[in-house]
>>> print(open('work_13.txt').read())   # compact mmCIF, N, CA, C and O atoms
# COMPACT_ATOMS: atom_id res chain seq x y z
N MET A 1 116.28 105.14 83.24
CA MET A 1 116.48 106.42 82.59
C MET A 1 117.52 107.19 83.40
O MET A 1 117.39 107.32 84.61
N THR A 2 118.50 107.67 82.73
CA THR A 2 119.53 108.44 83.40
C THR A 2 119.50 109.89 82.93
O THR A 2 118.86 110.22 81.93
N VAL A 3 120.20 110.74 83.65
CA VAL A 3 120.32 112.14 83.25
C VAL A 3 120.95 112.23 81.87
O VAL A 3 120.57 113.07 81.06
N TRP A 4 121.89 111.34 81.59
CA TRP A 4 122.58 111.38 80.30
C TRP A 4 121.63 111.04 79.16
O TRP A 4 121.72 111.61 78.08
N GLU A 5 120.70 110.12 79.40
CA GLU A 5 119.71 109.79 78.37
C GLU A 5 118.79 110.98 78.10
O GLU A 5 118.44 111.26 76.97
N LEU A 6 118.42 111.67 79.18
CA LEU A 6 117.60 112.87 79.01
C LEU A 6 118.35 113.93 78.21
O LEU A 6 117.79 114.56 77.32
N ALA A 7 119.62 114.10 78.52
CA ALA A 7 120.44 115.08 77.80
C ALA A 7 120.61 114.68 76.34
O ALA A 7 120.56 115.52 75.44
N ARG A 8 120.80 113.39 76.11
CA ARG A 8 121.02 112.90 74.74
C ARG A 8 119.77 113.07 73.88
O ARG A 8 119.84 113.48 72.74
N THR A 9 118.62 112.75 74.44
CA THR A 9 117.39 112.83 73.67
C THR A 9 116.84 114.25 73.60
O THR A 9 116.07 114.57 72.72
N GLY A 10 117.24 115.08 74.56
CA GLY A 10 116.79 116.46 74.56
C GLY A 10 115.31 116.63 74.81
O GLY A 10 114.72 117.61 74.40
N THR A 11 114.70 115.68 75.51
CA THR A 11 113.26 115.78 75.77
C THR A 11 112.96 115.39 77.20
O THR A 11 113.54 114.47 77.74
N TYR A 12 112.04 116.11 77.79
CA TYR A 12 111.60 115.76 79.13
C TYR A 12 110.58 114.63 79.09
O TYR A 12 110.35 113.98 80.09
N ALA A 13 109.99 114.39 77.94
CA ALA A 13 108.98 113.33 77.81
C ALA A 13 109.55 111.97 78.16
O ALA A 13 108.84 111.12 78.70
N SER A 14 110.84 111.76 77.89
CA SER A 14 111.44 110.46 78.19
C SER A 14 111.52 110.20 79.69
O SER A 14 111.62 109.05 80.11
N ALA A 15 111.45 111.24 80.50
CA ALA A 15 111.46 111.05 81.96
C ALA A 15 110.20 110.33 82.43
O ALA A 15 110.22 109.63 83.43
N PHE A 16 109.10 110.46 81.68
CA PHE A 16 107.85 109.82 82.06
C PHE A 16 107.90 108.31 81.91
O PHE A 16 107.04 107.62 82.46
N THR A 17 108.88 107.78 81.22
CA THR A 17 108.96 106.32 81.07
C THR A 17 109.16 105.63 82.41
O THR A 17 108.75 104.49 82.56
N LEU A 18 109.78 106.28 83.37
CA LEU A 18 109.91 105.68 84.70
C LEU A 18 108.85 106.19 85.67
O LEU A 18 108.53 105.51 86.63
N LEU A 19 108.32 107.37 85.44
CA LEU A 19 107.29 107.88 86.34
C LEU A 19 105.99 107.09 86.23
O LEU A 19 105.34 106.84 87.24
N LYS A 20 105.61 106.70 85.03
CA LYS A 20 104.35 105.98 84.85
C LYS A 20 104.34 104.64 85.59
O LYS A 20 103.40 104.37 86.33
N PRO A 21 105.38 103.79 85.45
CA PRO A 21 105.36 102.55 86.23
C PRO A 21 105.46 102.82 87.74
O PRO A 21 104.93 102.07 88.55
N TRP A 22 106.14 103.89 88.12
CA TRP A 22 106.24 104.27 89.53
C TRP A 22 104.83 104.54 90.05
O TRP A 22 104.46 104.05 91.11
N TYR A 23 104.05 105.31 89.33
CA TYR A 23 102.67 105.58 89.73
C TYR A 23 101.90 104.28 89.88
O TYR A 23 101.17 104.11 90.86
N ASP A 24 102.03 103.38 88.91
CA ASP A 24 101.33 102.09 88.98
C ASP A 24 101.70 101.34 90.25
O ASP A 24 100.84 100.77 90.92
N LEU A 25 102.97 101.34 90.59
CA LEU A 25 103.45 100.57 91.74
C LEU A 25 103.00 101.14 93.08
O LEU A 25 102.91 100.41 94.06
N ILE A 26 102.71 102.45 93.13
CA ILE A 26 102.25 103.02 94.39
C ILE A 26 100.73 103.17 94.43
O ILE A 26 100.19 103.79 95.33
N GLY A 27 100.05 102.60 93.42
CA GLY A 27 98.59 102.56 93.43
C GLY A 27 97.90 103.66 92.66
O GLY A 27 96.68 103.77 92.71
N LEU A 28 98.64 104.48 91.95
CA LEU A 28 98.03 105.51 91.11
C LEU A 28 97.93 104.99 89.68
O LEU A 28 98.57 104.00 89.33
N LYS A 29 97.17 105.68 88.85
CA LYS A 29 97.01 105.24 87.46
C LYS A 29 98.11 105.87 86.61
O LYS A 29 98.08 107.06 86.31
N GLY A 30 99.09 105.05 86.23
CA GLY A 30 100.19 105.53 85.39
C GLY A 30 99.99 105.16 83.94
O GLY A 30 100.10 105.97 83.05
N GLY A 31 99.70 103.90 83.72
CA GLY A 31 99.48 103.41 82.36
C GLY A 31 100.77 103.28 81.58
O GLY A 31 101.86 103.20 82.15
N TYR A 32 100.64 103.27 80.27
CA TYR A 32 101.78 103.10 79.39
C TYR A 32 102.11 104.40 78.69
O TYR A 32 101.25 105.26 78.51
N THR A 33 103.35 104.54 78.29
CA THR A 33 103.80 105.71 77.57
C THR A 33 103.31 105.64 76.13
O THR A 33 103.35 104.59 75.51
N LEU A 34 102.87 106.75 75.62
CA LEU A 34 102.37 106.80 74.24
C LEU A 34 103.49 107.17 73.27
O LEU A 34 104.46 107.84 73.64
N ALA A 35 103.33 106.71 72.03
CA ALA A 35 104.30 107.03 70.98
C ALA A 35 104.33 108.54 70.78
O ALA A 35 103.34 109.22 71.01
N PRO A 36 105.42 109.10 70.42
CA PRO A 36 106.64 108.50 69.91
C PRO A 36 107.65 108.13 70.99
O PRO A 36 108.74 107.67 70.69
N VAL A 37 107.32 108.33 72.26
CA VAL A 37 108.24 107.98 73.34
C VAL A 37 108.11 106.49 73.62
O VAL A 37 107.01 105.98 73.79
N ALA A 38 109.23 105.79 73.66
CA ALA A 38 109.23 104.34 73.90
C ALA A 38 108.90 104.05 75.36
O ALA A 38 109.36 104.75 76.27
N ASP A 39 108.09 103.02 75.58
CA ASP A 39 107.73 102.61 76.93
C ASP A 39 108.91 101.90 77.58
O ASP A 39 109.78 101.36 76.90
N VAL A 40 108.93 101.89 78.89
CA VAL A 40 109.99 101.23 79.63
C VAL A 40 109.84 99.71 79.51
O VAL A 40 108.72 99.20 79.42
N SER A 41 110.95 99.00 79.49
CA SER A 41 110.92 97.54 79.35
C SER A 41 110.38 96.88 80.62
O SER A 41 110.42 97.48 81.71
N GLN A 42 109.90 95.65 80.48
CA GLN A 42 109.41 94.90 81.64
C GLN A 42 110.52 94.69 82.65
O GLN A 42 110.29 94.76 83.85
N GLU A 43 111.73 94.46 82.18
CA GLU A 43 112.89 94.28 83.07
C GLU A 43 113.12 95.54 83.90
O GLU A 43 113.37 95.46 85.11
N ARG A 44 113.01 96.70 83.27
CA ARG A 44 113.21 97.97 83.98
C ARG A 44 112.07 98.22 84.96
O ARG A 44 112.30 98.73 86.05
N ARG A 45 110.84 97.82 84.60
CA ARG A 45 109.70 97.95 85.53
C ARG A 45 109.94 97.10 86.77
O ARG A 45 109.68 97.53 87.89
N GLU A 46 110.43 95.88 86.58
CA GLU A 46 110.71 94.99 87.71
C GLU A 46 111.82 95.55 88.58
O GLU A 46 111.76 95.47 89.80
N TRP A 47 112.84 96.12 87.95
CA TRP A 47 113.94 96.73 88.70
C TRP A 47 113.41 97.88 89.56
O TRP A 47 113.72 97.97 90.74
N LEU A 48 112.58 98.73 88.96
CA LEU A 48 112.01 99.86 89.69
C LEU A 48 111.15 99.38 90.84
O LEU A 48 111.24 99.89 91.95
N GLY A 49 110.32 98.35 90.59
CA GLY A 49 109.49 97.80 91.65
C GLY A 49 110.31 97.27 92.81
O GLY A 49 109.98 97.49 93.97
N GLY A 50 111.42 96.60 92.50
CA GLY A 50 112.30 96.10 93.56
C GLY A 50 112.90 97.23 94.38
O GLY A 50 112.97 97.14 95.61
N LYS A 51 113.31 98.29 93.71
CA LYS A 51 113.89 99.44 94.42
C LYS A 51 112.85 100.12 95.31
O LYS A 51 113.13 100.48 96.45
N LEU A 52 111.63 100.28 94.79
CA LEU A 52 110.57 100.92 95.58
C LEU A 52 110.17 100.06 96.78
O LEU A 52 109.92 100.59 97.87
N ARG A 53 110.13 98.75 96.59
CA ARG A 53 109.83 97.86 97.72
C ARG A 53 110.97 97.88 98.75
O ARG A 53 110.71 97.87 99.96
N GLU A 54 112.19 97.95 98.26
CA GLU A 54 113.37 98.04 99.13
C GLU A 54 113.27 99.27 100.04
O GLU A 54 113.66 99.22 101.21
N LEU A 55 112.79 100.36 99.50
CA LEU A 55 112.66 101.61 100.23
C LEU A 55 111.37 101.71 101.04
O LEU A 55 111.16 102.67 101.78
N GLY A 56 110.49 100.70 100.88
CA GLY A 56 109.23 100.70 101.61
C GLY A 56 108.18 101.61 101.01
O GLY A 56 107.21 101.97 101.67
N ILE A 57 108.35 101.99 99.75
CA ILE A 57 107.41 102.90 99.10
C ILE A 57 106.30 102.13 98.42
O ILE A 57 105.16 102.57 98.39
N ALA A 58 106.61 100.97 97.88
CA ALA A 58 105.60 100.17 97.17
C ALA A 58 105.35 98.88 97.88
O ALA A 58 106.17 98.37 98.59
>>> encode(input="work_13.txt", output="structure tokens")
Amino acid sequence: MTVWELARTGTYASAFTLLKPWYDLIGLKGGYTLAPVADVSQERREWLGGKLRELGIA
């Protein structure tokens, strides 16, 4: 999720698509995003997990 996607969609709800998997990766309960906001792809979840592990957060 980029700033441009947030600007394009005009909603803050789309920011939660990356926060929820982030919570899961650090041991909190994030779960999945509910409709009408699309959930983040498995590829994007793996990318985020790699970045968090790289930083020593997850």
>>> residues_around(input="work_13.txt", residues="Gly31 of chain A", least_positions_apart="3", cutoff="8 Å", atoms="all atoms listed in the file", output="PDB file with N, CA, C and O atoms, in the coordinates of the input")
ATOM      1  N   PHE A  16     109.100 110.460  81.680  1.00  0.00           N
ATOM      2  CA  PHE A  16     107.850 109.820  82.060  1.00  0.00           C
ATOM      3  C   PHE A  16     107.900 108.310  81.910  1.00  0.00           C
ATOM      4  O   PHE A  16     107.040 107.620  82.460  1.00  0.00           O
ATOM      5  N   THR A  17     108.880 107.780  81.220  1.00  0.00           N
ATOM      6  CA  THR A  17     108.960 106.320  81.070  1.00  0.00           C
ATOM      7  C   THR A  17     109.160 105.630  82.410  1.00  0.00           C
ATOM      8  O   THR A  17     108.750 104.490  82.560  1.00  0.00           O
ATOM      9  N   LEU A  19     108.320 107.370  85.440  1.00  0.00           N
ATOM     10  CA  LEU A  19     107.290 107.880  86.340  1.00  0.00           C
ATOM     11  C   LEU A  19     105.990 107.090  86.230  1.00  0.00           C
ATOM     12  O   LEU A  19     105.340 106.840  87.240  1.00  0.00           O
ATOM     13  N   LYS A  20     105.610 106.700  85.030  1.00  0.00           N
ATOM     14  CA  LYS A  20     104.350 105.980  84.850  1.00  0.00           C
ATOM     15  C   LYS A  20     104.340 104.640  85.590  1.00  0.00           C
ATOM     16  O   LYS A  20     103.400 104.370  86.330  1.00  0.00           O
ATOM     17  N   PRO A  21     105.380 103.790  85.450  1.00  0.00           N
ATOM     18  CA  PRO A  21     105.360 102.550  86.230  1.00  0.00           C
ATOM     19  C   PRO A  21     105.460 102.820  87.740  1.00  0.00           C
ATOM     20  O   PRO A  21     104.930 102.070  88.550  1.00  0.00           O
ATOM     21  N   TRP A  22     106.140 103.890  88.120  1.00  0.00           N
ATOM     22  CA  TRP A  22     106.240 104.270  89.530  1.00  0.00           C
ATOM     23  C   TRP A  22     104.830 104.540  90.050  1.00  0.00           C
ATOM     24  O   TRP A  22     104.460 104.050  91.110  1.00  0.00           O
ATOM     25  N   TYR A  23     104.050 105.310  89.330  1.00  0.00           N
ATOM     26  CA  TYR A  23     102.670 105.580  89.730  1.00  0.00           C
ATOM     27  C   TYR A  23     101.900 104.280  89.880  1.00  0.00           C
ATOM     28  O   TYR A  23     101.170 104.110  90.860  1.00  0.00           O
ATOM     29  N   ASP A  24     102.030 103.380  88.910  1.00  0.00           N
ATOM     30  CA  ASP A  24     101.330 102.090  88.980  1.00  0.00           C
ATOM     31  C   ASP A  24     101.700 101.340  90.250  1.00  0.00           C
ATOM     32  O   ASP A  24     100.840 100.770  90.920  1.00  0.00           O
ATOM     33  N   LEU A  28      98.640 104.480  91.950  1.00  0.00           N
ATOM     34  CA  LEU A  28      98.030 105.510  91.110  1.00  0.00           C
ATOM     35  C   LEU A  28      97.930 104.990  89.680  1.00  0.00           C
ATOM     36  O   LEU A  28      98.570 104.000  89.330  1.00  0.00           O
ATOM     37  N   LEU A  34     102.870 106.750  75.620  1.00  0.00           N
ATOM     38  CA  LEU A  34     102.370 106.800  74.240  1.00  0.00           C
ATOM     39  C   LEU A  34     103.490 107.170  73.270  1.00  0.00           C
ATOM     40  O   LEU A  34     104.460 107.840  73.640  1.00  0.00           O
ATOM     41  N   ASP A  39     108.090 103.020  75.580  1.00  0.00           N
ATOM     42  CA  ASP A  39     107.730 102.610  76.930  1.00  0.00           C
ATOM     43  C   ASP A  39     108.910 101.900  77.580  1.00  0.00           C
ATOM     44  O   ASP A  39     109.780 101.360  76.900  1.00  0.00           O
ATOM     45  N   VAL A  40     108.930 101.890  78.890  1.00  0.00           N
ATOM     46  CA  VAL A  40     109.990 101.230  79.630  1.00  0.00           C
ATOM     47  C   VAL A  40     109.840  99.710  79.510  1.00  0.00           C
ATOM     48  O   VAL A  40     108.720  99.200  79.420  1.00  0.00           O
TER      49      VAL A  40
END
>>> closest_residue(input="work_13.txt", among="A:Gly56, A:Gly50, A:Gly27, A:Thr33", to="Ala13 of chain A", atoms="only C-alpha atoms")
A:Thr33
>>> atom_distance(input="work_13.txt", atom1="atom C of Gln42 of chain A", atom2="atom CA of Ile26 of chain A")
16.6 Å
>>> atom_distance(input="work_13.txt", atom1="atom CA of Lys51 of chain A", atom2="atom CA of Pro36 of chain A")
27.1 Å
>>> closest_residue(input="work_13.txt", among="A:Arg53, A:Ser14, A:Ala58, A:Leu48", to="Ala35 of chain A", atoms="only C-alpha atoms")
A:Ser14
>>> atom_distance(input="work_13.txt", atom1="atom O of Tyr12 of chain A", atom2="atom O of Gly30 of chain A")
13.3 Å
>>> select_by_dssp(input="work_13.txt", residues="chain A", states="alpha helix (DSSP H)", output="number ranges by chain")
A: 3-9, 16-25, 42-54
>>> decode(input="work_13.txt", residues="segment 15-36 of chain A", atoms="N, CA, C and O atoms", output="PDB file, in the first residue's frame")
ATOM      1  N   ALA A  15      -5.553   1.496   4.458  1.00  0.00           N
ATOM      2  CA  ALA A  15      -4.277   1.418   5.179  1.00  0.00           C
ATOM      3  C   ALA A  15      -4.234   0.183   6.074  1.00  0.00           C
ATOM      4  O   ALA A  15      -3.167  -0.356   6.337  1.00  0.00           O
ATOM      5  N   PHE A  16      -5.388  -0.297   6.518  1.00  0.00           N
ATOM      6  CA  PHE A  16      -5.437  -1.460   7.391  1.00  0.00           C
ATOM      7  C   PHE A  16      -5.061  -2.749   6.676  1.00  0.00           C
ATOM      8  O   PHE A  16      -4.780  -3.748   7.335  1.00  0.00           O
ATOM      9  N   THR A  17      -5.025  -2.744   5.359  1.00  0.00           N
ATOM     10  CA  THR A  17      -4.656  -3.965   4.644  1.00  0.00           C
ATOM     11  C   THR A  17      -3.229  -4.394   4.959  1.00  0.00           C
ATOM     12  O   THR A  17      -2.924  -5.576   4.897  1.00  0.00           O
ATOM     13  N   LEU A  18      -2.349  -3.469   5.294  1.00  0.00           N
ATOM     14  CA  LEU A  18      -0.992  -3.846   5.697  1.00  0.00           C
ATOM     15  C   LEU A  18      -0.833  -3.891   7.208  1.00  0.00           C
ATOM     16  O   LEU A  18       0.037  -4.589   7.708  1.00  0.00           O
ATOM     17  N   LEU A  19      -1.642  -3.159   7.941  1.00  0.00           N
ATOM     18  CA  LEU A  19      -1.525  -3.192   9.397  1.00  0.00           C
ATOM     19  C   LEU A  19      -1.951  -4.534   9.979  1.00  0.00           C
ATOM     20  O   LEU A  19      -1.322  -5.026  10.911  1.00  0.00           O
ATOM     21  N   LYS A  20      -2.999  -5.120   9.439  1.00  0.00           N
ATOM     22  CA  LYS A  20      -3.490  -6.387   9.976  1.00  0.00           C
ATOM     23  C   LYS A  20      -2.454  -7.510   9.856  1.00  0.00           C
ATOM     24  O   LYS A  20      -2.176  -8.180  10.850  1.00  0.00           O
ATOM     25  N   PRO A  21      -1.834  -7.722   8.681  1.00  0.00           N
ATOM     26  CA  PRO A  21      -0.798  -8.765   8.636  1.00  0.00           C
ATOM     27  C   PRO A  21       0.424  -8.399   9.500  1.00  0.00           C
ATOM     28  O   PRO A  21       1.094  -9.267  10.041  1.00  0.00           O
ATOM     29  N   TRP A  22       0.707  -7.110   9.638  1.00  0.00           N
ATOM     30  CA  TRP A  22       1.803  -6.661  10.490  1.00  0.00           C
ATOM     31  C   TRP A  22       1.515  -7.115  11.918  1.00  0.00           C
ATOM     32  O   TRP A  22       2.384  -7.663  12.588  1.00  0.00           O
ATOM     33  N   TYR A  23       0.310  -6.880  12.401  1.00  0.00           N
ATOM     34  CA  TYR A  23      -0.062  -7.323  13.744  1.00  0.00           C
ATOM     35  C   TYR A  23       0.118  -8.826  13.878  1.00  0.00           C
ATOM     36  O   TYR A  23       0.659  -9.295  14.885  1.00  0.00           O
ATOM     37  N   ASP A  24      -0.342  -9.584  12.886  1.00  0.00           N
ATOM     38  CA  ASP A  24      -0.190 -11.049  12.927  1.00  0.00           C
ATOM     39  C   ASP A  24       1.276 -11.438  13.060  1.00  0.00           C
ATOM     40  O   ASP A  24       1.620 -12.327  13.837  1.00  0.00           O
ATOM     41  N   LEU A  25       2.135 -10.784  12.317  1.00  0.00           N
ATOM     42  CA  LEU A  25       3.552 -11.142  12.291  1.00  0.00           C
ATOM     43  C   LEU A  25       4.281 -10.805  13.586  1.00  0.00           C
ATOM     44  O   LEU A  25       5.287 -11.428  13.902  1.00  0.00           O
ATOM     45  N   ILE A  26       3.774  -9.828  14.346  1.00  0.00           N
ATOM     46  CA  ILE A  26       4.432  -9.497  15.612  1.00  0.00           C
ATOM     47  C   ILE A  26       3.724 -10.136  16.807  1.00  0.00           C
ATOM     48  O   ILE A  26       4.030  -9.824  17.944  1.00  0.00           O
ATOM     49  N   GLY A  27       2.756 -11.025  16.520  1.00  0.00           N
ATOM     50  CA  GLY A  27       2.122 -11.791  17.580  1.00  0.00           C
ATOM     51  C   GLY A  27       0.812 -11.239  18.098  1.00  0.00           C
ATOM     52  O   GLY A  27       0.265 -11.760  19.065  1.00  0.00           O
ATOM     53  N   LEU A  28       0.299 -10.192  17.495  1.00  0.00           N
ATOM     54  CA  LEU A  28      -1.006  -9.660  17.878  1.00  0.00           C
ATOM     55  C   LEU A  28      -2.075 -10.232  16.957  1.00  0.00           C
ATOM     56  O   LEU A  28      -1.763 -10.779  15.910  1.00  0.00           O
ATOM     57  N   LYS A  29      -3.332 -10.072  17.333  1.00  0.00           N
ATOM     58  CA  LYS A  29      -4.415 -10.599  16.506  1.00  0.00           C
ATOM     59  C   LYS A  29      -4.825  -9.547  15.477  1.00  0.00           C
ATOM     60  O   LYS A  29      -5.466  -8.556  15.815  1.00  0.00           O
ATOM     61  N   GLY A  30      -4.439  -9.775  14.229  1.00  0.00           N
ATOM     62  CA  GLY A  30      -4.788  -8.850  13.154  1.00  0.00           C
ATOM     63  C   GLY A  30      -5.964  -9.350  12.348  1.00  0.00           C
ATOM     64  O   GLY A  30      -6.917  -8.639  12.100  1.00  0.00           O
ATOM     65  N   GLY A  31      -5.885 -10.594  11.943  1.00  0.00           N
ATOM     66  CA  GLY A  31      -6.959 -11.194  11.159  1.00  0.00           C
ATOM     67  C   GLY A  31      -6.981 -10.697   9.725  1.00  0.00           C
ATOM     68  O   GLY A  31      -5.989 -10.190   9.209  1.00  0.00           O
ATOM     69  N   TYR A  32      -8.131 -10.838   9.098  1.00  0.00           N
ATOM     70  CA  TYR A  32      -8.284 -10.457   7.705  1.00  0.00           C
ATOM     71  C   TYR A  32      -9.135  -9.202   7.593  1.00  0.00           C
ATOM     72  O   TYR A  32      -9.947  -8.912   8.466  1.00  0.00           O
ATOM     73  N   THR A  33      -8.949  -8.482   6.518  1.00  0.00           N
ATOM     74  CA  THR A  33      -9.715  -7.280   6.256  1.00  0.00           C
ATOM     75  C   THR A  33     -11.112  -7.667   5.789  1.00  0.00           C
ATOM     76  O   THR A  33     -11.284  -8.584   5.007  1.00  0.00           O
ATOM     77  N   LEU A  34     -12.090  -6.959   6.273  1.00  0.00           N
ATOM     78  CA  LEU A  34     -13.478  -7.238   5.901  1.00  0.00           C
ATOM     79  C   LEU A  34     -13.895  -6.414   4.691  1.00  0.00           C
ATOM     80  O   LEU A  34     -13.367  -5.326   4.449  1.00  0.00           O
ATOM     81  N   ALA A  35     -14.856  -6.950   3.946  1.00  0.00           N
ATOM     82  CA  ALA A  35     -15.396  -6.244   2.779  1.00  0.00           C
ATOM     83  C   ALA A  35     -16.026  -4.935   3.245  1.00  0.00           C
ATOM     84  O   ALA A  35     -16.501  -4.844   4.366  1.00  0.00           O
ATOM     85  N   PRO A  36     -16.007  -3.921   2.469  1.00  0.00           N
ATOM     86  CA  PRO A  36     -15.684  -3.854   1.054  1.00  0.00           C
ATOM     87  C   PRO A  36     -14.210  -3.599   0.758  1.00  0.00           C
ATOM     88  O   PRO A  36     -13.820  -3.465  -0.391  1.00  0.00           O
TER      89      PRO A  36
END
